[in-house]
Amino acid sequence: MKFAYRFSGLLGTVYRRGNLSFTRDGSGLVSPVGNRISLFDLKNNKCETLPLATRHNIVCVGLSPDGSLAILVDEEGAALLVSLVGKSVIHHFHFHKPVHSVSFSPDGKKFVITKDNVALMYHAPGKKREFNAFVLDKTYYGPYDETTCIDWTDDSKCFAVGSKDMSTWVFGAERWANLIYYSLGGHKDVIVACFFEENSLDLYTVSQDGALCVWQCDTELDGLKPMPPKEARKKNKIKEDEEFLEESKGEEIHGKAHPNEQEIREKVKYSRIAKYFFNKEGDFNNLTSAAYHKKTHLLVTGFASGVFHLHELPDFNLIHSLSISDQRIASISINCTGDWIAFGCSGLGQLLVWEWQSESYVLKQQGHFNSMVSLAYSPDGQYIVTGGEDGKVKVWNTSSSFCFVTFTDHTSGVTAVTFTSSGYVILSASLDGTVRAFDLHRYRNFRTFTSPRPSQFSCLAVDSSGEIVSAGSQDSFEIYIWSMQSGRLLDVLAGHEGPISSLSFNPVKCVLASASWDKTVKLWDMLDSWRTKETLMLNSDVLVVAFRPDGKELAVASLNGQITFWDHENAVQVGSIEGRHDLQMGRKELDKITAKQSAKGKSFTTLCYSADGQSILAGGLSKFVCIYNVKEQILMKKFEISCNLSLDAMEEYLDRRKMTEFGSMALIDEGAGDEDGVAIPLPGVKRGDMSYRRFKPEIRVTCLRFSPTGRSWAATTTEGLLIYSLDSGLIFDPFELDIDVTPSNIRKTLHQKEYAMAIIMAIKLNEKKLIQEVIEAVPSDEVEVVCSSLPDLYVEKVLEFLASAFEISCHLEFYLIWAHKLLMLHGQKLKTRSQKLLPVIQFLQKSIQRHFEDVSKLCEWNIYNIKYALAISQQRGMKRLAETSVDEEESESDSDYLMQEVHKDSLSS
């Protein structure tokens, strides 16, 4: 169990390329990230990356209508059938050519994929076990160029296919007697998307030059006539003959580009009733993606300039026109209710979910534009900070996998990041010559440390008290020391004769270790006038240095591939590991030498001790991360961080299929004129960026860190920020389980009103629902008694449960009573173990704080409503009083007039 770390999540990257898809209920979003897929739960604000991967980057995803299955297709045409319920791979399949789109029929019985200039319809996998999950049903021919998009009618009878030859074809899932397959033209550029109207054969087609054609069909869906029985029998006979072949080819159906009048007589006819054009802003504003919501008649279109339009069809009324970035919008998706629109920008790695009616963001996430270079865990393990070559510092929540703050103060690449011991201050070093301190309370840069002469800082370290900040320079070979309180430069440590590659403070003593390319590690005493305490000589350039958590040992990785361990008190080497063979470097596509020869120059570039100091993680320019036992100096396990062949240096041997007599095919710049390739225009034409080239990033691990709890570790890689955890995949985790602890016995104990015993038994069994049932069965007036009788070990477990229960439960007051009583009765004992319990207490505080904010907002809103209602009632009361006073005055005046008249009459008489 010690080294049973499994892939737990992917942070730092939210979208790469491919189509976005909403789940069936509309509250979840499936996003392809490299060769993996991430599921975003938009209601609960969480993200999960499935523990499966394809061999290349994913280009298209098809979700089944019931939301239980997904088909993932990569760049080479290899497909995985994935269960989203079990989060596992069910079936592997290869289409042998790159696939452009995949779509399930609304009834879930068929799915269509488009590749080259054909559309292939397969029987969708059913509920029962099958030998072959993908059985080819029909092959549709018609377009002359590559097919680009698919859309189905609501009853699954027909589907439309768009093509790069500017035509759209309507095909039948079954053979219909009155439906002849011919092309619909009218466009002057590539078809980006085609959409059927709700419960109709009417069609909308959208092309890359920003044109929308509206096609009206003279036949309703019910008007499609089935094929006569004789024709159907012939087709079945052909199918029976094919069953004896090695592989069923399916029925081949050929469309006609120019049918004659006799063929289309009494057949389904399409007529173009309208053609609209989107407003174009500049040459680069070509239409790149589109989505249509049939119930609300909402069309969303995205452009290469980052602008998107919302139109209401069929009248083409513009609702919104907004810009989300300056990069092309690669994918758009609308959820089932039509409220949320998801946008993916592959250039920035940006993912947005927009609620168009309220004009607000539901989700806005973006990874690092360039490679991530450094990472650090917060002291409680809840947050991870990352620094990238794009100059950004991002803070990620490990439980939700979301980035909640981005600092953009640096003007050049960030080389190192770290937390102070308090956990509320982040420090970052950059090549722009500054070290910046960021406050996590107010989210601002409150301190900037600079050097007397401009220097590029390559490494960073802060002491255990958080008072002394040090940074190493790669051009002046000096180490700068600042005070965190005053921001003053305290000293400049000189002595190294090469660039400073790494710094590390001793966690126990105030000693700083600095590594340099001059083949030395120097130890500086911070309390004794910053003098050199010791110099450790090595045989090769030193790349990274790290102290053991107890401060008694120093690990040093050098350019010759060795990891050496030192007793720094006595300046004695106590051990070494020859790690070059374990690194197992791959061969790049353009390398002239073999991987074995190339590996001679490779070494570990990042080291990290585990929380207990017994093992050490090491990584570098390789797809492997090695974990070594420090005492025995042996390799315990190798983790393969990626199997993505879209990255370079993944394989040890070159693919012979890509080698020709003239050299590697990787030298050829393919895709000229594609949206992702090089646009080669005619002379004088200014469109197209001639400097842009396709490239394969090299797989590498830039930084490794263990979490403070030791339950997980993280790595910044070419793929993103990968987290490996012990907690992943644990469904049944019994805690001190006995043979008598069963659900029936727990309920029996609960029935006998032995609440404390029932809670202890439920925690031993460690089933959340059972713990919830037992705790909620305790009467509120007996909570204090039960809390006082719980052993200390179980108090921690109950607090853990309460922290997670606050997130989902509606019994707010009841759980608050529990939390209050536990902390009041066991506060002193918990304080002694505060370091260990800090994550649980902070999680509990965060959950209560969130509820407090929600309730306080509700109370303020209610107070405002009550005041408003009282003010209105007072106004009405005043109005009534005014009306009654007027009536009384009128009645008094009438009575006075009558009295006067009576008096006159009496006088006259």
# chains A, B, ... in the order shown; residues from 1 in each chain; ligands from 1
$ residues_around --residues "Cys643 of chain A" --least-positions-apart "2" --cutoff "9 Å" --atoms "only C-alpha atoms" --output "PyMOL selection string"
chain A and resi 35+53-56+623+640-641+645-647+650
$ select_by_dssp --residues "segment 240-444 of chain A" --states "strand (DSSP E)" --output "JSON, numbers by chain"
{"A": [251, 252, 253, 254, 270, 271, 272, 273, 274, 275, 276, 277, 287, 288, 289, 290, 291, 292, 293, 298, 299, 300, 301, 302, 303, 307, 308, 309, 310, 311, 312, 317, 318, 319, 320, 321, 322, 323, 331, 332, 333, 334, 340, 341, 342, 343, 344, 345, 350, 351, 352, 353, 354, 355, 360, 361, 362, 363, 364, 365, 366, 372, 373, 374, 375, 376, 377, 383, 384, 385, 386, 387, 388, 393, 394, 395, 396, 397, 403, 404, 405, 406, 407, 414, 415, 416, 417, 418, 419, 425, 426, 427, 428, 429, 430, 434, 435, 436, 437, 438, 439, 444]}
$ write_last_selection --atoms "C-alpha atoms" --output "compact mmCIF listing (two decimals), in the first residue's frame"
# COMPACT_ATOMS: atom_id res chain seq x y z
CA GLU A 251 -24.26 -2.29 -47.00
CA GLU A 252 -22.73 0.24 -49.39
CA ILE A 253 -24.94 3.17 -50.35
CA HIS A 254 -23.91 5.61 -53.06
CA TYR A 270 -35.29 20.33 -50.76
CA SER A 271 -35.50 23.99 -51.70
CA ARG A 272 -33.40 26.82 -50.36
CA ILE A 273 -35.75 29.46 -48.98
CA ALA A 274 -33.19 31.85 -47.46
CA LYS A 275 -29.49 32.64 -47.25
CA TYR A 276 -27.99 34.84 -44.53
CA PHE A 277 -24.50 36.21 -43.91
CA LEU A 287 -16.55 30.88 -38.86
CA THR A 288 -14.94 27.99 -36.96
CA SER A 289 -17.71 26.28 -34.95
CA ALA A 290 -21.47 26.28 -34.44
CA ALA A 291 -24.18 24.69 -32.27
CA TYR A 292 -27.98 24.72 -32.49
CA HIS A 293 -30.62 24.15 -29.81
CA LEU A 298 -31.03 29.20 -30.78
CA LEU A 299 -28.00 29.18 -33.10
CA VAL A 300 -24.57 29.90 -31.61
CA THR A 301 -21.63 30.51 -33.95
CA GLY A 302 -17.96 31.01 -33.05
CA PHE A 303 -15.32 32.78 -35.12
CA VAL A 307 -16.26 36.53 -31.26
CA PHE A 308 -19.47 34.54 -30.93
CA HIS A 309 -23.00 35.34 -32.13
CA LEU A 310 -26.38 34.18 -30.82
CA HIS A 311 -29.17 34.15 -33.41
CA GLU A 312 -32.79 33.10 -33.30
CA ASN A 317 -32.58 37.69 -35.37
CA LEU A 318 -29.34 38.66 -33.57
CA ILE A 319 -29.64 38.25 -29.77
CA HIS A 320 -26.01 38.69 -28.66
CA SER A 321 -22.60 39.36 -30.15
CA LEU A 322 -19.73 39.08 -27.68
CA SER A 323 -15.98 38.41 -27.63
CA SER A 331 -15.81 24.04 -30.12
CA ILE A 332 -19.30 25.06 -28.98
CA SER A 333 -21.95 23.03 -27.14
CA ILE A 334 -25.40 23.88 -25.72
CA TRP A 340 -25.77 27.22 -20.81
CA ILE A 341 -23.34 27.46 -23.73
CA ALA A 342 -19.84 25.93 -23.51
CA PHE A 343 -16.94 27.40 -25.52
CA GLY A 344 -13.50 25.84 -25.98
CA CYS A 345 -10.46 27.82 -27.23
CA GLN A 350 -9.57 28.03 -22.27
CA LEU A 351 -12.97 26.62 -21.27
CA LEU A 352 -16.01 28.84 -20.69
CA VAL A 353 -19.61 28.05 -19.79
CA TRP A 354 -21.85 31.08 -20.41
CA GLU A 355 -25.43 31.57 -19.21
CA SER A 360 -22.94 35.61 -16.57
CA TYR A 361 -20.21 32.95 -16.38
CA VAL A 362 -21.05 29.55 -14.92
CA LEU A 363 -17.45 28.39 -15.42
CA LYS A 364 -14.34 30.19 -16.59
CA GLN A 365 -11.13 28.19 -16.50
CA GLN A 366 -7.83 28.49 -18.32
CA MET A 372 4.27 24.63 -16.19
CA VAL A 373 7.67 24.89 -14.53
CA SER A 374 7.14 24.71 -10.78
CA LEU A 375 4.59 23.74 -8.14
CA ALA A 376 4.16 23.78 -4.35
CA TYR A 377 1.60 22.37 -1.91
CA TYR A 383 -4.15 24.09 -2.46
CA ILE A 384 -1.46 23.78 -5.12
CA VAL A 385 0.28 26.79 -6.63
CA THR A 386 1.85 26.52 -10.09
CA GLY A 387 4.15 28.82 -12.04
CA GLY A 388 4.48 28.75 -15.82
CA VAL A 393 1.00 32.12 -10.99
CA LYS A 394 -2.13 30.04 -10.53
CA VAL A 395 -3.63 28.57 -7.35
CA TRP A 396 -5.65 25.34 -7.65
CA ASN A 397 -8.04 23.71 -5.20
CA CYS A 403 -8.14 27.34 -10.37
CA PHE A 404 -9.62 30.06 -8.14
CA VAL A 405 -7.04 32.84 -8.53
CA THR A 406 -4.45 33.84 -11.15
CA PHE A 407 -1.69 36.39 -10.54
CA VAL A 414 8.08 32.08 -13.52
CA THR A 415 10.91 29.73 -12.48
CA ALA A 416 9.94 28.79 -8.89
CA VAL A 417 6.96 29.06 -6.51
CA THR A 418 6.50 28.21 -2.83
CA PHE A 419 4.15 28.70 0.13
CA VAL A 425 1.48 33.83 1.39
CA ILE A 426 2.80 32.64 -1.98
CA LEU A 427 6.28 33.55 -3.20
CA SER A 428 7.35 33.36 -6.84
CA ALA A 429 10.66 33.98 -8.60
CA SER A 430 10.84 35.02 -12.23
CA THR A 434 11.70 40.07 -9.28
CA VAL A 435 10.54 37.85 -6.44
CA ARG A 436 6.93 38.62 -5.59
CA ALA A 437 4.85 37.83 -2.49
CA PHE A 438 1.10 37.32 -2.97
CA ASP A 439 -1.53 37.48 -0.23
CA ARG A 444 -2.85 40.91 -4.31
$ atom_distance --atom1 "atom CA of His297 of chain A" --atom2 "atom CA of Ser101 of chain A"
22.8 Å
$ atom_distance --atom1 "atom CA of Asp567 of chain A" --atom2 "atom CA of Leu543 of chain A"
18.6 Å
$ residues_around --residues "Met166 of chain A" --least-positions-apart "2" --cutoff "6 Å" --atoms "only C-alpha atoms" --output "NGL selection string"
:A and (163-164 or 187 or 189-191)
$ atom_distance --atom1 "atom CA of Glu800 of chain A" --atom2 "atom CA of Ala611 of chain A"
21.2 Å
$ residues_around --residues "Leu825 of chain A" --least-positions-apart "3" --cutoff "9 Å" --atoms "only C-alpha atoms" --output "VMD selection string"
chain A and resid 784 787 to 788 820 to 822 828 to 829
$ closest_residue --among "A:Ile872, A:Val102, A:Ala193, A:Leu726" --to "Cys213 of chain A" --atoms "only C-alpha atoms"
A:Ala193
$ closest_residue --among "A:Gly619, A:Gly423, A:Gly367, A:Gly472" --to "Arg705 of chain A" --atoms "only C-alpha atoms"
A:Gly619
$ closest_residue --among "A:Ala124, A:Cys158, A:Leu793, A:Ile264" --to "Asp222 of chain A" --atoms "only C-alpha atoms"
A:Cys158
$ residues_around --residues "Asp137 of chain A" --least-positions-apart "3" --cutoff "7 Å" --atoms "only C-alpha atoms" --output "list of chain:residue names"
A:Met121, A:Tyr122, A:His123, A:Gly250, A:Glu251
$ residues_around --residues "Ile746 of chain A" --least-positions-apart "2" --cutoff "12 Å" --atoms "only C-alpha atoms" --output "PyMOL selection string"
chain A and resi 740-744+748-767+770-771+773-775+777
$ closest_residue --among "A:Glu883, A:Asp151, A:Asp491, A:Glu813" --to "Phe852 of chain A" --atoms "only C-alpha atoms"
A:Glu813
$ closest_residue --among "A:Arg17, A:Glu632, A:Ser422, A:Thr717" --to "Arg328 of chain A" --atoms "only C-alpha atoms"
A:Arg17
$ residues_around --residues "Val33 of chain A" --least-positions-apart "2" --cutoff "6 Å" --atoms "only C-alpha atoms" --output "PDB file with C-alpha atoms, in the first residue's frame"
ATOM      1  CA  TYR A  15      -9.220  21.893 -22.736  1.00  0.00           C
ATOM      2  CA  ARG A  16      -6.869  21.105 -25.640  1.00  0.00           C
ATOM      3  CA  ARG A  36      -7.707  12.095 -21.381  1.00  0.00           C
ATOM      4  CA  ILE A  37     -11.203  13.420 -20.699  1.00  0.00           C
TER       5      ILE A  37
END
